[in-house]
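Shown next: data12.txt, containing compact mmCIF, C-alpha atoms and all ligand atoms.
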# COMPACT_ATOMS: atom_id res chain seq x y z
CA MET A 1 38.38 -11.55 -3.22
CA THR A 2 37.50 -10.55 0.35
CA ALA A 3 38.49 -7.51 2.42
CA LEU A 4 37.44 -5.72 5.57
CA ILE A 5 38.19 -2.70 7.68
CA LEU A 6 37.05 -1.94 11.23
CA HIS A 7 37.38 0.98 13.62
CA GLY A 8 37.31 1.45 17.37
CA GLY A 9 36.59 5.17 17.34
CA ALA A 10 38.27 8.44 16.42
CA GLY A 11 38.54 9.74 19.99
CA ALA A 12 42.05 8.37 20.52
CA ARG A 13 44.45 10.74 22.25
CA ARG A 14 48.23 10.58 22.08
CA GLU A 15 48.91 10.42 25.80
CA ARG A 16 46.91 7.21 26.15
CA ASN A 17 48.22 3.73 25.52
CA TYR A 18 46.23 1.58 23.10
CA ASP A 19 48.22 -1.67 23.23
CA ALA A 20 45.19 -3.69 24.40
CA GLU A 21 43.01 -2.27 21.63
CA VAL A 22 45.69 -2.95 19.00
CA VAL A 23 45.96 -6.60 20.07
CA HIS A 24 42.18 -6.92 20.22
CA MET A 25 41.52 -5.34 16.81
CA ARG A 26 44.00 -7.76 15.22
CA GLU A 27 42.21 -10.67 16.91
CA VAL A 28 38.89 -9.47 15.55
CA VAL A 29 40.29 -9.16 12.02
CA GLU A 30 41.78 -12.66 12.23
CA ALA A 31 38.49 -14.12 13.49
CA MET A 32 36.60 -12.38 10.69
CA ARG A 33 39.10 -13.53 8.06
CA ALA A 34 38.34 -17.11 9.12
CA ARG A 35 34.62 -16.44 8.69
CA LEU A 36 35.15 -14.90 5.25
CA ASP A 37 37.38 -17.80 4.20
CA ALA A 38 34.59 -20.16 5.27
CA GLY A 39 32.17 -18.32 2.95
CA ASP A 40 30.25 -16.22 5.48
CA SER A 41 28.34 -13.18 4.20
CA ALA A 42 29.55 -9.59 4.45
CA LEU A 43 26.54 -8.77 6.61
CA ASN A 44 27.17 -11.58 9.12
CA VAL A 45 30.86 -10.70 9.33
CA ALA A 46 30.18 -6.98 9.86
CA VAL A 47 27.72 -7.78 12.66
CA GLU A 48 30.00 -10.34 14.32
CA ALA A 49 32.99 -7.98 14.21
CA VAL A 50 30.98 -5.18 15.79
CA ALA A 51 29.51 -7.56 18.38
CA MET A 52 33.06 -8.61 19.36
CA LEU A 53 34.11 -4.97 19.64
CA GLU A 54 30.99 -4.16 21.71
CA ALA A 55 31.52 -7.11 24.06
CA SER A 56 35.20 -6.38 24.71
CA GLY A 57 34.48 -3.32 26.83
CA LEU A 58 37.57 -1.64 25.31
CA TYR A 59 35.77 0.94 23.15
CA VAL A 60 32.98 3.45 23.77
CA ALA A 61 30.30 1.11 22.47
CA GLY A 62 28.41 -1.79 23.99
CA ARG A 63 30.11 -2.75 27.22
CA GLY A 64 32.53 0.20 27.07
CA ALA A 65 29.79 2.84 26.77
CA SER A 66 29.39 5.66 29.26
CA PRO A 67 26.22 7.15 30.74
CA ASN A 68 24.45 10.30 29.57
CA LEU A 69 23.80 13.35 31.76
CA ALA A 70 20.94 11.52 33.50
CA GLN A 71 23.27 8.58 34.27
CA ALA A 72 21.41 6.36 31.78
CA TYR A 73 23.17 4.23 29.17
CA GLU A 74 21.48 4.94 25.83
CA LEU A 75 23.16 3.13 22.95
CA ASP A 76 22.84 3.50 19.17
CA ALA A 77 23.67 1.06 16.36
CA SER A 78 22.88 0.34 12.73
CA LEU A 79 23.82 -1.93 9.88
CA MET A 80 23.25 -1.99 6.16
CA ASP A 81 23.45 -4.78 3.61
CA GLY A 82 24.82 -3.42 0.36
CA SER A 83 23.43 -6.28 -1.72
CA ASP A 84 19.84 -5.09 -1.31
CA GLN A 85 20.19 -1.88 0.77
CA ARG A 86 18.22 -3.32 3.64
CA ALA A 87 19.02 -1.56 6.90
CA GLY A 88 18.34 -1.99 10.61
CA ALA A 89 18.93 0.38 13.52
CA VAL A 90 18.30 1.07 17.18
CA ALA A 91 18.55 4.46 18.85
CA ALA A 92 18.76 5.27 22.56
CA LEU A 93 18.46 1.57 23.42
CA GLN A 94 18.69 0.77 27.13
CA GLY A 95 19.21 -2.51 28.91
CA PHE A 96 20.63 -4.86 26.25
CA LYS A 97 24.17 -6.06 25.75
CA SER A 98 24.44 -5.89 21.99
CA PRO A 99 22.89 -2.94 20.19
CA ILE A 100 24.17 -4.28 16.86
CA ARG A 101 22.42 -7.64 17.31
CA THR A 102 19.27 -5.74 18.19
CA ALA A 103 19.64 -3.64 15.03
CA ARG A 104 20.05 -6.85 13.04
CA ALA A 105 16.83 -8.18 14.53
CA VAL A 106 15.02 -4.96 13.59
CA MET A 107 16.16 -5.47 10.00
CA ASP A 108 15.37 -9.18 9.86
CA ARG A 109 12.17 -9.37 11.87
CA THR A 110 10.27 -6.09 11.47
CA PRO A 111 9.01 -4.06 8.51
CA HIS A 112 10.94 -1.06 9.91
CA VAL A 113 14.46 0.30 9.67
CA MET A 114 14.79 1.89 13.11
CA LEU A 115 13.34 1.43 16.58
CA ALA A 116 14.11 3.92 19.35
CA GLY A 117 13.96 4.17 23.12
CA GLU A 118 11.35 2.18 24.96
CA GLY A 119 10.00 0.56 21.80
CA ALA A 120 13.46 -0.70 20.92
CA ALA A 121 13.89 -2.17 24.40
CA LEU A 122 10.47 -3.84 24.33
CA PHE A 123 11.33 -5.35 20.96
CA ALA A 124 14.73 -6.55 22.20
CA HIS A 125 13.04 -8.17 25.16
CA ASP A 126 10.41 -9.88 22.97
CA GLN A 127 13.15 -11.19 20.68
CA GLY A 128 15.05 -12.72 23.58
CA LEU A 129 18.13 -10.54 23.15
CA GLU A 130 20.55 -10.69 26.04
CA PRO A 131 19.75 -8.16 28.81
CA ILE A 132 22.46 -6.33 30.74
CA GLY A 133 21.05 -6.88 34.20
CA ASP A 134 23.32 -5.17 36.71
CA GLU A 135 24.61 -2.10 34.86
CA ALA A 136 27.27 -1.30 37.46
CA ALA A 137 28.80 -4.74 36.96
CA TRP A 138 28.51 -4.71 33.16
CA PHE A 139 29.82 -1.37 31.90
CA THR A 140 33.58 -0.75 31.88
CA HIS A 141 33.64 3.01 31.04
CA ALA A 142 36.33 2.37 28.45
CA GLY A 143 36.20 5.88 27.10
CA GLN A 144 37.64 7.64 30.10
CA GLY A 145 40.59 9.58 28.78
CA GLU A 146 39.37 9.62 25.20
CA ASP A 147 39.39 12.86 23.30
CA ASN A 148 37.71 15.92 24.80
CA HIS A 149 36.23 18.37 22.40
CA PRO A 150 36.34 22.08 22.85
CA PRO A 151 34.02 23.93 22.72
CA THR A 152 31.43 21.29 23.53
CA GLY A 153 33.54 19.37 26.01
CA LEU A 154 32.06 16.20 24.57
CA SER A 155 34.25 13.17 24.06
CA HIS A 156 33.17 10.18 22.09
CA GLY A 157 33.87 6.73 20.70
CA THR A 158 32.31 4.18 18.43
CA VAL A 159 33.03 0.87 16.71
CA GLY A 160 32.31 -0.09 13.14
CA CYS A 161 33.15 -2.52 10.36
CA CYS A 162 32.90 -2.63 6.56
CA VAL A 163 33.17 -5.96 4.75
CA LEU A 164 33.47 -7.28 1.18
CA ASP A 165 32.67 -10.99 0.91
CA ALA A 166 33.70 -13.60 -1.63
CA GLN A 167 30.46 -13.08 -3.55
CA GLY A 168 31.21 -9.38 -3.99
CA ARG A 169 28.65 -8.21 -1.44
CA LEU A 170 29.37 -5.24 0.81
CA ALA A 171 28.00 -4.51 4.29
CA ALA A 172 28.60 -1.99 7.06
CA ALA A 173 27.77 -1.97 10.78
CA THR A 174 28.34 0.68 13.47
CA SER A 175 27.65 0.80 17.23
CA THR A 176 28.22 3.50 19.82
CA GLY A 177 27.77 4.75 23.32
CA GLY A 178 27.61 8.17 21.72
CA VAL A 179 29.35 11.21 23.15
CA PHE A 180 30.12 11.79 26.82
CA GLY A 181 27.91 14.29 28.53
CA LYS A 182 25.15 13.83 25.99
CA MET A 183 21.62 14.91 26.83
CA PRO A 184 19.02 12.24 27.55
CA GLY A 185 17.43 11.26 24.26
CA ARG A 186 20.33 12.54 22.16
CA VAL A 187 20.81 10.41 19.06
CA GLY A 188 23.95 10.73 16.97
CA ASP A 189 24.88 9.70 13.46
CA THR A 190 25.61 6.05 14.24
CA PRO A 191 22.07 4.63 13.90
CA ILE A 192 21.17 6.82 10.92
CA PRO A 193 21.73 5.29 7.49
CA ALA A 194 23.65 7.71 5.25
CA ALA A 195 24.97 9.61 8.28
CA GLY A 196 27.02 7.07 10.30
CA THR A 197 26.57 3.92 8.23
CA TRP A 198 26.08 3.07 4.57
CA ALA A 199 26.39 0.14 2.21
CA ASP A 200 25.28 -0.28 -1.39
CA GLY A 201 26.54 -2.23 -4.39
CA ARG A 202 29.63 -0.04 -4.71
CA VAL A 203 30.83 1.00 -1.27
CA ALA A 204 30.47 0.40 2.49
CA VAL A 205 31.13 3.15 5.06
CA SER A 206 31.17 3.51 8.86
CA GLY A 207 31.84 6.82 10.60
CA THR A 208 33.11 7.92 13.99
CA GLY A 209 33.34 11.39 15.44
CA GLN A 210 31.10 14.22 16.52
CA GLY A 211 27.91 12.75 15.20
CA GLU A 212 26.06 16.01 14.75
CA TYR A 213 28.49 16.97 11.98
CA PHE A 214 28.23 13.56 10.32
CA ILE A 215 24.44 13.98 10.21
CA ARG A 216 24.72 17.50 8.80
CA VAL A 217 26.85 16.40 5.83
CA ALA A 218 25.19 12.97 5.32
CA ALA A 219 28.73 11.66 5.73
CA ALA A 220 28.46 7.94 4.96
CA GLY A 221 25.99 8.36 2.11
CA GLN A 222 28.00 11.21 0.68
CA VAL A 223 31.07 8.99 0.34
CA ALA A 224 28.93 6.59 -1.68
CA TRP A 225 27.45 9.30 -3.86
CA ARG A 226 30.88 10.77 -4.55
CA VAL A 227 32.15 7.32 -5.56
CA GLY A 228 29.04 6.85 -7.70
CA SER A 229 29.86 10.03 -9.56
CA GLY A 230 33.38 8.87 -10.34
CA GLN A 231 35.62 9.93 -7.44
CA ALA A 232 38.24 7.47 -6.24
CA LEU A 233 37.39 5.98 -2.84
CA HIS A 234 40.18 7.70 -0.89
CA GLU A 235 39.37 11.06 -2.50
CA ALA A 236 35.66 10.70 -1.68
CA ALA A 237 36.36 9.66 1.92
CA GLN A 238 38.89 12.45 2.48
CA GLY A 239 36.54 14.99 0.88
CA VAL A 240 33.82 14.20 3.39
CA ILE A 241 36.18 14.41 6.37
CA ASP A 242 37.47 17.76 5.02
CA GLN A 243 33.90 19.01 4.82
CA ILE A 244 33.29 18.00 8.45
CA GLY A 245 36.52 19.79 9.41
CA ASP A 246 35.43 22.94 7.55
CA LEU A 247 32.25 23.00 9.63
CA GLY A 248 34.30 22.69 12.84
CA GLY A 249 33.72 19.00 13.49
CA ASP A 250 36.13 16.15 13.91
CA GLY A 251 36.25 12.42 13.45
CA GLY A 252 37.04 9.87 10.82
CA LEU A 253 35.54 7.14 8.72
CA ILE A 254 36.38 3.80 7.22
CA ALA A 255 35.31 2.91 3.69
CA LEU A 256 35.68 -0.12 1.45
CA ASP A 257 34.66 -0.49 -2.19
CA ARG A 258 33.70 -3.47 -4.34
CA ASP A 259 37.22 -3.61 -5.78
CA GLY A 260 38.65 -4.10 -2.29
CA ASN A 261 40.09 -0.58 -1.96
CA ILE A 262 40.09 0.77 1.59
CA ALA A 263 40.20 4.33 2.93
CA HIS A 264 40.39 5.50 6.56
CA PRO A 265 40.83 9.27 6.81
CA PHE A 266 40.44 11.18 10.09
CA ASN A 267 41.07 14.72 11.30
CA SER A 268 41.23 13.89 15.01
CA GLN A 269 44.46 12.94 16.82
CA GLY A 270 43.99 9.28 16.09
CA MET A 271 41.54 6.62 14.99
CA LYS A 272 41.78 3.04 16.20
CA ARG A 273 41.45 0.84 13.13
CA ALA A 274 42.48 -2.42 11.55
CA TRP A 275 42.02 -3.99 8.14
CA LEU A 276 42.43 -7.01 5.95
CA THR A 277 43.38 -6.16 2.37
CA ALA A 278 42.23 -8.04 -0.70
CA ALA A 279 45.85 -9.33 -0.90
CA GLY A 280 45.41 -10.88 2.58
CA GLU A 281 47.54 -8.41 4.56
CA ILE A 282 46.43 -7.33 8.03
CA GLY A 283 47.16 -3.80 9.26
CA VAL A 284 46.46 -2.08 12.59
CA GLU A 285 46.92 1.64 13.30
CA VAL A 286 45.91 4.22 15.89
CA PHE A 287 47.83 7.43 15.17
CA GLY A 288 49.69 6.72 11.91
CA ARG A 289 48.02 7.74 8.66
N1 LIG B 1 29.64 9.34 16.20
C1 LIG B 1 29.31 8.98 17.55
C2 LIG B 1 28.16 9.82 18.03
O1 LIG B 1 28.15 11.01 17.77
C3 LIG B 1 30.45 9.10 18.49
C4 LIG B 1 31.78 8.62 17.97
O2 LIG B 1 31.90 8.13 16.88
O3 LIG B 1 32.77 8.71 18.69
O4 LIG B 1 27.31 9.31 18.71
Rewrite the structure of this file - the entire thing - as structure tokens.
Amino acid sequence: MTALILHGGAGARRERNYDAEVVHMREVVEAMRARLDAGDSALNVAVEAVAMLEASGLYVAGRGASPNLAQAYELDASLMDGSDQRAGAVAALQGFKSPIRTARAVMDRTPHVMLAGEGAALFAHDQGLEPIGDEAAWFTHAGQGEDNHPPTGLSHGTVGCCVLDAQGRLAAATSTGGVFGKMPGRVGDTPIPAAGTWADGRVAVSGTGQGEYFIRVAAAGQVAWRVGSGQALHEAAQGVIDQIGDLGGDGGLIALDRDGNIAHPFNSQGMKRAWLTAAGEIGVEVFGR
């Protein structure tokens, strides 16, 4: 049995058209289904899906990211392998095309979980990861017109993917440009294991929304701990989004368990997302529940 679910951010707003994203998310799911059918690991598939989403320039992550208040592009990403709970992350990374590939390199080639800022960029350079070069030519500013959040006025977007492979392994990966208007050095939930990303032997989770709230409730980890204490996946996932709503935050998350169940609750207007069920059915949604 294999299954996956991905998201392109919970900042979707009703007046915007998401036809291009809907087509693209389906393409990503189809490409990842082929990888899973060929026996690829959950971790590889999660990273490749997020790398495709980053490279498309359609979402507020990777190529679609927007600059912070100092006009710098500081990107965050993380991944987690549920089979051994190894994790890798980068925070406030500047100058490299794929934050998620950089996070993977941190996991595979360092004794650390997270590298931030200049150290992350130096590492990416040493590892031969692909540099952006001309920023003006690279970034697409995909998030213009995404949700705006009173009272902070911050809008946001992220991409993520949770995967169950044929060997029963789970993995999650998440990548973001963060929130618009963020302060230099601001790091959200995305690169923080248990906040924006989680995978263990039971469940994989990737979040999207106002990251400060996801950090405050340990959103992704909390889904896993709720499932571990006996809650059904959809109940656990909804419970965490409700808690974020009670604190005044918004967003959504995707979650997948070892039985192939998927959950994708959100309390924002919409969340771009697509999935492949254990029965082999593909679904794509933005505003529908
Ligand atoms: N969670 C991300 C952050 O706060 C933004 C998003 O998901 O839209 O950086």
Find the axis-aligned box for ligand LIG 1 (chain B), covering all its listed atoms and adding 4 Å on each side, and write its centre and edge lengths in Å to one decimal as lines of an AutoDock Vina configuration file.
center_x = 30.0
center_y = 9.6
center_z = 17.5
size_x = 13.5
size_y = 10.9
size_z = 10.5
Problem set entry | Shell around Gln269 of chain A at 7 Å using all atoms listed in the file, local window under 2 positions removed, as an MDAnalysis selection string | chainID A and resid 12:14 267 287
Listing only residues of chain A within 8 Å of ligand LIG 1 (chain B), what is the closest atom pair and its distance in Å (to one decimal) for each, using only C-alpha atoms and all ligand atoms, sorted by chain and residue number ascending, as a Markdown table?
| residue | atom | partner | partner_atom | distance |
| --- | --- | --- | --- | --- |
| A:Gly9 | CA | B:LIG1 | O3 | 5.4 |
| A:Ala10 | CA | B:LIG1 | O3 | 6.0 |
| A:Gly11 | CA | B:LIG1 | O3 | 6.0 |
| A:Val60 | CA | B:LIG1 | O3 | 7.3 |
| A:Asp76 | CA | B:LIG1 | O4 | 7.3 |
| A:Ser155 | CA | B:LIG1 | O3 | 7.1 |
| A:His156 | CA | B:LIG1 | O3 | 3.7 |
| A:Gly157 | CA | B:LIG1 | O3 | 3.0 |
| A:Thr158 | CA | B:LIG1 | O2 | 4.3 |
| A:Val159 | CA | B:LIG1 | O2 | 7.3 |
| A:Thr176 | CA | B:LIG1 | O4 | 6.0 |
| A:Gly177 | CA | B:LIG1 | O4 | 6.5 |
| A:Gly178 | CA | B:LIG1 | O4 | 3.2 |
| A:Val179 | CA | B:LIG1 | C3 | 5.2 |
| A:Val187 | CA | B:LIG1 | O4 | 6.6 |
| A:Gly188 | CA | B:LIG1 | O4 | 4.0 |
| A:Asp189 | CA | B:LIG1 | N1 | 5.5 |
| A:Thr190 | CA | B:LIG1 | N1 | 5.6 |
| A:Gly196 | CA | B:LIG1 | N1 | 6.8 |
| A:Gly207 | CA | B:LIG1 | O2 | 6.4 |
| A:Thr208 | CA | B:LIG1 | O2 | 3.1 |
| A:Gly209 | CA | B:LIG1 | O2 | 3.8 |
| A:Gln210 | CA | B:LIG1 | O1 | 4.5 |
| A:Gly211 | CA | B:LIG1 | O1 | 3.1 |
| A:Glu212 | CA | B:LIG1 | O1 | 6.2 |
| A:Phe214 | CA | B:LIG1 | N1 | 7.4 |
| A:Gly251 | CA | B:LIG1 | O2 | 7.0 |
For this session: For each of A:Asp200, A:Glu21, A:Glu74, A:Asp40, take the minimum atom-to-atom distance to Leu53 of chain A, counting all atoms listed in the file, then give the residue where this is smallest.
Result: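 The answer is A:Glu21, which sits nearest to Leu53 of chain A.
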For this session: For Gly8 of chain A, please output as a ChimeraX atom specification all residues within 12 Å (counting all atoms listed in the file; exclusion window: fewer than 5 positions along the same chain).
Result: /A:18,20-22,24-26,28,49-54,56-62,64,142-143,146,156-161,174-177,206-209,251-254,264,270-275,284-286
Go ahead and save the residues from that selection, with C-alpha atoms, as a short mmCIF file (atom, residue, chain, number, x, y, z; two decimals), keeping the file's coordinate frame.
data_model
loop_
_atom_site.label_atom_id
_atom_site.label_comp_id
_atom_site.auth_asym_id
_atom_site.auth_seq_id
_atom_site.Cartn_x
_atom_site.Cartn_y
_atom_site.Cartn_z
CA TYR A 18 46.23 1.58 23.10
CA ALA A 20 45.19 -3.69 24.40
CA GLU A 21 43.01 -2.27 21.63
CA VAL A 22 45.69 -2.95 19.00
CA HIS A 24 42.18 -6.92 20.22
CA MET A 25 41.52 -5.34 16.81
CA ARG A 26 44.00 -7.76 15.22
CA VAL A 28 38.89 -9.47 15.55
CA ALA A 49 32.99 -7.98 14.21
CA VAL A 50 30.98 -5.18 15.79
CA ALA A 51 29.51 -7.56 18.38
CA MET A 52 33.06 -8.61 19.36
CA LEU A 53 34.11 -4.97 19.64
CA GLU A 54 30.99 -4.16 21.71
CA SER A 56 35.20 -6.38 24.71
CA GLY A 57 34.48 -3.32 26.83
CA LEU A 58 37.57 -1.64 25.31
CA TYR A 59 35.77 0.94 23.15
CA VAL A 60 32.98 3.45 23.77
CA ALA A 61 30.30 1.11 22.47
CA GLY A 62 28.41 -1.79 23.99
CA GLY A 64 32.53 0.20 27.07
CA ALA A 142 36.33 2.37 28.45
CA GLY A 143 36.20 5.88 27.10
CA GLU A 146 39.37 9.62 25.20
CA HIS A 156 33.17 10.18 22.09
CA GLY A 157 33.87 6.73 20.70
CA THR A 158 32.31 4.18 18.43
CA VAL A 159 33.03 0.87 16.71
CA GLY A 160 32.31 -0.09 13.14
CA CYS A 161 33.15 -2.52 10.36
CA THR A 174 28.34 0.68 13.47
CA SER A 175 27.65 0.80 17.23
CA THR A 176 28.22 3.50 19.82
CA GLY A 177 27.77 4.75 23.32
CA SER A 206 31.17 3.51 8.86
CA GLY A 207 31.84 6.82 10.60
CA THR A 208 33.11 7.92 13.99
CA GLY A 209 33.34 11.39 15.44
CA GLY A 251 36.25 12.42 13.45
CA GLY A 252 37.04 9.87 10.82
CA LEU A 253 35.54 7.14 8.72
CA ILE A 254 36.38 3.80 7.22
CA HIS A 264 40.39 5.50 6.56
CA GLY A 270 43.99 9.28 16.09
CA MET A 271 41.54 6.62 14.99
CA LYS A 272 41.78 3.04 16.20
CA ARG A 273 41.45 0.84 13.13
CA ALA A 274 42.48 -2.42 11.55
CA TRP A 275 42.02 -3.99 8.14
CA VAL A 284 46.46 -2.08 12.59
CA GLU A 285 46.92 1.64 13.30
CA VAL A 286 45.91 4.22 15.89
#
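Each of A:Leu233, A:Ile132, A:Ile244, A:Val23 was compared to Arg202 of chain A using only C-alpha atoms, and A:Leu233 turns out to be the nearest.
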Problem set entry | Selection: 8 Å around Pro184 of chain A, all atoms listed in the file, excl. self and same-chain fewer than 3 positions, as a PyMOL selection string | chain A and resi 68-70+72+74
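Across A:Ala87, A:Leu93, A:Leu79, A:Val47, the tightest approach to Ala65 of chain A is made by A:Leu93 when counting only C-alpha atoms.
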Exercise. Expressed in Å to a single decimal, how great is the separation between atom CA of Met107 of chain A and atom CA of Ala91 of chain A?
Worked result: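 Separation of atom CA of Met107 of chain A and atom CA of Ala91 of chain A: 13.5 Å.
Relative to atom CA of Phe123 of chain A, atom CA of Lys182 of chain A is found at 24.2 Å.
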For this session: Go through A:Val29, A:Gly239, A:Gly245, A:Val205 and flag the residue nearest Ile262 of chain A, using all atoms listed in the file for the distances.
Result: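 Under the stated criterion, the closest residue is A:Val205.
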For this session: Between atom CA of Lys97 of chain A and atom CA of Pro67 of chain A, measure the distance and give it in Å to one decimal.
Result: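 Distance reported for this atom pair: 14.3 Å.
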For this session: Could you give me, as a PyMOL selection string, the residues that sit within 9 Å of (20.0, -2.2, 3.1) in the file's coordinates, counting only C-alpha atoms?
Result: chain A and resi 79-88+107+113+171+193+198-200
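Between Thr197 of chain A and the residues A:His234, A:Met32, A:Ala255, A:Trp138, the shortest atom-to-atom distance, using all atoms listed in the file, involves A:Ala255.
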For this session: Find the residues with any atom within 10 Å of (17.3, -12.5, 23.0); use only C-alpha atoms and the coordinates as given in the file, and write the answer as a VMD selection string.
Result: chain A and resid 96 to 98 101 to 102 105 123 to 131
Exercise. Hey, which of A:Asp19, A:Val163, A:Ala220, A:Ala92 ends up closest to Gly185 of chain A? Count only C-alpha atoms.
Worked result: A:Ala92
For this session: Mind checking which residues fall within 6 Å of Leu256 of chain A, counting only C-alpha atoms, ignoring those fewer than 4 positions away in the same chain, and posting them as an MDAnalysis selection string?
Result: chainID A and resid 203:204 261:262
